[in-house]
Amino acid sequence: MIRPFLVAVQFLTRLPVRLTAQISEKDIGYSLLYYPFVGLIIGLILAGFGWLMNGMPPLIAAALLVTIWILLTGGLHLDGLADSADAWIGGLGDREKTLTIMKDPNCGPAGVSAIVLIILLKFVSLHSLNTAGEWIAVVLAIILSRTVLPLLFLTTPYVRNNGLGSALAAFQPRNGSIFVIMLTVALIFLLTGNHYLWLVLAAAAIFLLLRQLMMRRIGGTTGDTAGALVEITEATVLLVAVIVFIK
């Protein structure tokens, strides 16, 4: 099962992982099982950089951390957020128009605004959490935002006929995904107790809300809306962490 793990790392990060052999659709589907673990890797790398920047001016450290975060993930989910924002605004409630706009590679004003707002929210949250040394919350935000992806593909129809998302949806191991999701949540509570309960609840609430919006507008999900879910979940969990833990 090492190949699906490497597929997940290659897709979700810009870490130097290269697969020489052709990637099968089964490998792509099974890679969903490793999304929470890759989230842990991203979170620990970011926390490590935060530790190294200890003593720097907090605003500079927060700006550098957001930059590293984007470089580490390649801005993958920001692209989905921008496309989804443009489509939701420009689609005017129409399913086919929404899906068409989502495929347009150009970024409109709604997309640009969404990216700026998400980065701004992450910046101010990282500033507060870094100053307080609350790095567990940051790591959990990244883990939870990757955990909702297998949950999304498990519970929501994929509405396009091609692309990476179609392979994820078609070859996702259902029982394995349920186990990984439950294991991730169980480990969070086992290792941290109820201290971070609000973060798990925030991730669950934003998942339910965004899934409902997806079902209402396009009858399912796409790769872009999945990316938007990741970004919005991250920002929401970080903000909840600031509200709950920063006095």
# chains A, B, ... in the order shown; residues from 1 in each chain; ligands from 1
$ closest_atom_pairs --of "region 46-141 of chain A" --to "region 221-227 of chain A" --cutoff "12 Å" --atoms "only C-alpha atoms" --output "Markdown table"
| residue | atom | partner | partner_atom | distance |
| --- | --- | --- | --- | --- |
| A:Thr73 | CA | A:Gly227 | CA | 11.5 |
| A:Gly75 | CA | A:Gly227 | CA | 9.8 |
| A:Leu76 | CA | A:Gly227 | CA | 7.3 |
| A:His77 | CA | A:Gly227 | CA | 4.1 |
| A:Leu78 | CA | A:Gly227 | CA | 6.9 |
| A:Asp79 | CA | A:Asp224 | CA | 7.3 |
| A:Gly80 | CA | A:Asp224 | CA | 3.8 |
| A:Leu81 | CA | A:Gly227 | CA | 5.9 |
| A:Ala82 | CA | A:Asp224 | CA | 8.3 |
| A:Asp83 | CA | A:Asp224 | CA | 6.4 |
| A:Ser84 | CA | A:Thr225 | CA | 5.8 |
| A:Ala85 | CA | A:Thr225 | CA | 9.1 |
| A:Asp86 | CA | A:Asp224 | CA | 10.9 |
| A:Ala87 | CA | A:Asp224 | CA | 9.9 |
| A:Trp88 | CA | A:Thr225 | CA | 10.1 |
| A:Arg95 | CA | A:Thr221 | CA | 11.7 |
| A:Thr98 | CA | A:Thr225 | CA | 11.2 |
| A:Leu99 | CA | A:Thr222 | CA | 8.8 |
| A:Thr100 | CA | A:Thr222 | CA | 11.8 |
| A:Ile101 | CA | A:Asp224 | CA | 11.1 |
| A:Met102 | CA | A:Asp224 | CA | 7.3 |
| A:Lys103 | CA | A:Asp224 | CA | 8.9 |
| A:Asp104 | CA | A:Asp224 | CA | 11.3 |
| A:Pro105 | CA | A:Asp224 | CA | 11.4 |
| A:Gly111 | CA | A:Asp224 | CA | 11.7 |
| A:Ile115 | CA | A:Gly227 | CA | 11.9 |
$ write_last_selection --atoms "C-alpha atoms" --output "PDB file, in the first residue's frame"
ATOM      1  CA  THR A  73       0.742  22.498  -0.864  1.00  0.00           C
ATOM      2  CA  GLY A  75      -1.819  26.331  -3.724  1.00  0.00           C
ATOM      3  CA  LEU A  76      -3.778  23.295  -4.919  1.00  0.00           C
ATOM      4  CA  HIS A  77      -6.882  23.895  -2.841  1.00  0.00           C
ATOM      5  CA  LEU A  78      -6.755  27.668  -3.280  1.00  0.00           C
ATOM      6  CA  ASP A  79      -7.329  27.067  -6.994  1.00  0.00           C
ATOM      7  CA  GLY A  80     -10.433  25.018  -6.201  1.00  0.00           C
ATOM      8  CA  LEU A  81     -11.656  27.708  -3.819  1.00  0.00           C
ATOM      9  CA  ALA A  82     -11.260  30.404  -6.467  1.00  0.00           C
ATOM     10  CA  ASP A  83     -13.013  28.375  -9.172  1.00  0.00           C
ATOM     11  CA  SER A  84     -15.859  27.507  -6.791  1.00  0.00           C
ATOM     12  CA  ALA A  85     -16.317  31.117  -5.693  1.00  0.00           C
ATOM     13  CA  ASP A  86     -16.468  32.332  -9.297  1.00  0.00           C
ATOM     14  CA  ALA A  87     -18.909  29.569 -10.220  1.00  0.00           C
ATOM     15  CA  TRP A  88     -21.200  30.106  -7.230  1.00  0.00           C
ATOM     16  CA  ARG A  95     -26.337  23.980 -12.199  1.00  0.00           C
ATOM     17  CA  THR A  98     -22.039  26.781 -12.376  1.00  0.00           C
ATOM     18  CA  LEU A  99     -20.232  23.688 -13.667  1.00  0.00           C
ATOM     19  CA  THR A 100     -19.205  25.481 -16.864  1.00  0.00           C
ATOM     20  CA  ILE A 101     -17.720  28.453 -15.016  1.00  0.00           C
ATOM     21  CA  MET A 102     -15.872  26.056 -12.701  1.00  0.00           C
ATOM     22  CA  LYS A 103     -14.009  24.640 -15.713  1.00  0.00           C
ATOM     23  CA  ASP A 104     -12.877  28.093 -16.871  1.00  0.00           C
ATOM     24  CA  PRO A 105      -9.131  28.453 -16.081  1.00  0.00           C
ATOM     25  CA  GLY A 111     -12.214  33.964  -6.940  1.00  0.00           C
ATOM     26  CA  ILE A 115      -8.263  33.683  -2.013  1.00  0.00           C
TER      27      ILE A 115
END
$ closest_atom_pairs --of "region 165-191 of chain A" --to "region 198-210 of chain A" --cutoff "10 Å" --atoms "only C-alpha atoms" --output "tab-separated table"
residue	atom	partner	partner_atom	distance
A:Val185	CA	A:Val200	CA	7.8
A:Ile188	CA	A:Val200	CA	8.8
A:Phe189	CA	A:Val200	CA	9.4
$ write_last_selection --atoms "N, CA and C atoms" --output "short mmCIF file (atom, residue, chain, number, x, y, z; two decimals), in the first residue's frame"
data_model
loop_
_atom_site.label_atom_id
_atom_site.label_comp_id
_atom_site.auth_asym_id
_atom_site.auth_seq_id
_atom_site.Cartn_x
_atom_site.Cartn_y
_atom_site.Cartn_z
N VAL A 185 -10.44 10.53 14.10
CA VAL A 185 -11.17 11.24 15.15
C VAL A 185 -10.88 10.61 16.52
N ILE A 188 -7.47 11.62 17.78
CA ILE A 188 -7.47 13.01 18.25
C ILE A 188 -7.95 13.08 19.69
N PHE A 189 -9.05 12.39 19.98
CA PHE A 189 -9.58 12.41 21.35
C PHE A 189 -8.69 11.62 22.30
#
$ residues_around --residues "Leu168 (chain A)" --least-positions-apart "4" --cutoff "10 Å" --atoms "only C-alpha atoms" --output "PyMOL selection string"
chain A and resi 25-32+150+153-154+158+163-164+172-173+223
$ closest_residue --among "A:Val124, A:Leu71, A:Leu140, A:Ala114" --to "Thr192 (chain A)" --atoms "only C-alpha atoms"
A:Leu140
$ residues_around --residues "region 15-22 of chain A" --least-positions-apart "3" --cutoff "10 Å" --atoms "only C-alpha atoms" --output "list in words"
Arg3, Leu6, Val7, Ala8, Val9, Gln10, Phe11, Leu12, Glu25, Asp27, Ile42, Leu71, Leu72, Thr73 and Gly74 of chain A
$ residues_around --residues "Ile45 (chain A)" --least-positions-apart "5" --cutoff "10 Å" --atoms "only C-alpha atoms" --output "list in words"
Gly39, Leu40, Gly50, Trp51, Ile68, Trp69, Leu72 and Val139 of chain A
$ select_by_dssp --residues "region 35-106 of chain A" --states "helix (DSSP H, G or I)" --output "PDB file with C-alpha atoms, in the first residue's frame"
ATOM      1  CA  TYR A  35      -5.090  11.985   3.325  1.00  0.00           C
ATOM      2  CA  PRO A  36      -5.335  12.496   7.117  1.00  0.00           C
ATOM      3  CA  PHE A  37      -1.780  11.187   7.558  1.00  0.00           C
ATOM      4  CA  VAL A  38      -0.472  13.517   4.861  1.00  0.00           C
ATOM      5  CA  GLY A  39      -2.307  16.304   6.698  1.00  0.00           C
ATOM      6  CA  LEU A  40      -0.339  15.331   9.805  1.00  0.00           C
ATOM      7  CA  ILE A  41       2.902  15.547   7.831  1.00  0.00           C
ATOM      8  CA  ILE A  42       2.018  19.009   6.510  1.00  0.00           C
ATOM      9  CA  GLY A  43       0.998  20.158   9.985  1.00  0.00           C
ATOM     10  CA  LEU A  44       4.203  18.908  11.614  1.00  0.00           C
ATOM     11  CA  ILE A  45       6.355  20.573   8.948  1.00  0.00           C
ATOM     12  CA  LEU A  46       4.536  23.857   9.478  1.00  0.00           C
ATOM     13  CA  ALA A  47       4.816  23.532  13.262  1.00  0.00           C
ATOM     14  CA  GLY A  48       8.526  22.819  12.853  1.00  0.00           C
ATOM     15  CA  PHE A  49       9.020  26.014  10.894  1.00  0.00           C
ATOM     16  CA  GLY A  50       7.014  27.854  13.537  1.00  0.00           C
ATOM     17  CA  TRP A  51       9.364  26.531  16.209  1.00  0.00           C
ATOM     18  CA  LEU A  52      12.408  27.621  14.191  1.00  0.00           C
ATOM     19  CA  PRO A  58       5.160  37.645  15.253  1.00  0.00           C
ATOM     20  CA  LEU A  59       3.763  39.377  12.178  1.00  0.00           C
ATOM     21  CA  ILE A  60       6.784  38.418  10.068  1.00  0.00           C
ATOM     22  CA  ALA A  61       6.647  34.843  11.360  1.00  0.00           C
ATOM     23  CA  ALA A  62       2.938  34.555  10.521  1.00  0.00           C
ATOM     24  CA  ALA A  63       3.500  35.919   7.008  1.00  0.00           C
ATOM     25  CA  LEU A  64       6.357  33.487   6.399  1.00  0.00           C
ATOM     26  CA  LEU A  65       4.322  30.574   7.740  1.00  0.00           C
ATOM     27  CA  VAL A  66       1.416  31.326   5.401  1.00  0.00           C
ATOM     28  CA  THR A  67       3.892  31.538   2.516  1.00  0.00           C
ATOM     29  CA  ILE A  68       5.468  28.198   3.461  1.00  0.00           C
ATOM     30  CA  TRP A  69       2.004  26.663   3.817  1.00  0.00           C
ATOM     31  CA  ILE A  70       1.030  27.719   0.292  1.00  0.00           C
ATOM     32  CA  LEU A  71       4.365  26.610  -1.199  1.00  0.00           C
ATOM     33  CA  LEU A  72       4.166  23.270   0.600  1.00  0.00           C
ATOM     34  CA  THR A  73       0.742  22.498  -0.864  1.00  0.00           C
ATOM     35  CA  LEU A  76      -3.778  23.295  -4.919  1.00  0.00           C
ATOM     36  CA  HIS A  77      -6.882  23.895  -2.841  1.00  0.00           C
ATOM     37  CA  LEU A  78      -6.755  27.668  -3.280  1.00  0.00           C
ATOM     38  CA  ASP A  79      -7.329  27.067  -6.994  1.00  0.00           C
ATOM     39  CA  GLY A  80     -10.433  25.018  -6.201  1.00  0.00           C
ATOM     40  CA  LEU A  81     -11.656  27.708  -3.819  1.00  0.00           C
ATOM     41  CA  ALA A  82     -11.260  30.404  -6.467  1.00  0.00           C
ATOM     42  CA  ASP A  83     -13.013  28.375  -9.172  1.00  0.00           C
ATOM     43  CA  SER A  84     -15.859  27.507  -6.791  1.00  0.00           C
ATOM     44  CA  ALA A  85     -16.317  31.117  -5.693  1.00  0.00           C
ATOM     45  CA  ASP A  86     -16.468  32.332  -9.297  1.00  0.00           C
ATOM     46  CA  ALA A  87     -18.909  29.569 -10.220  1.00  0.00           C
ATOM     47  CA  TRP A  88     -21.200  30.106  -7.230  1.00  0.00           C
ATOM     48  CA  ILE A  89     -21.452  33.844  -7.861  1.00  0.00           C
ATOM     49  CA  GLY A  90     -21.512  33.727 -11.659  1.00  0.00           C
ATOM     50  CA  ARG A  95     -26.337  23.980 -12.199  1.00  0.00           C
ATOM     51  CA  GLU A  96     -24.956  23.763 -15.720  1.00  0.00           C
ATOM     52  CA  LYS A  97     -23.725  27.357 -15.722  1.00  0.00           C
ATOM     53  CA  THR A  98     -22.039  26.781 -12.376  1.00  0.00           C
ATOM     54  CA  LEU A  99     -20.232  23.688 -13.667  1.00  0.00           C
ATOM     55  CA  THR A 100     -19.205  25.481 -16.864  1.00  0.00           C
ATOM     56  CA  ILE A 101     -17.720  28.453 -15.016  1.00  0.00           C
ATOM     57  CA  MET A 102     -15.872  26.056 -12.701  1.00  0.00           C
ATOM     58  CA  LYS A 103     -14.009  24.640 -15.713  1.00  0.00           C
TER      59      LYS A 103
END
$ atom_distance --atom1 "CA of Tyr34 (chain A)" --atom2 "CA of Phe5 (chain A)"
5.7 Å
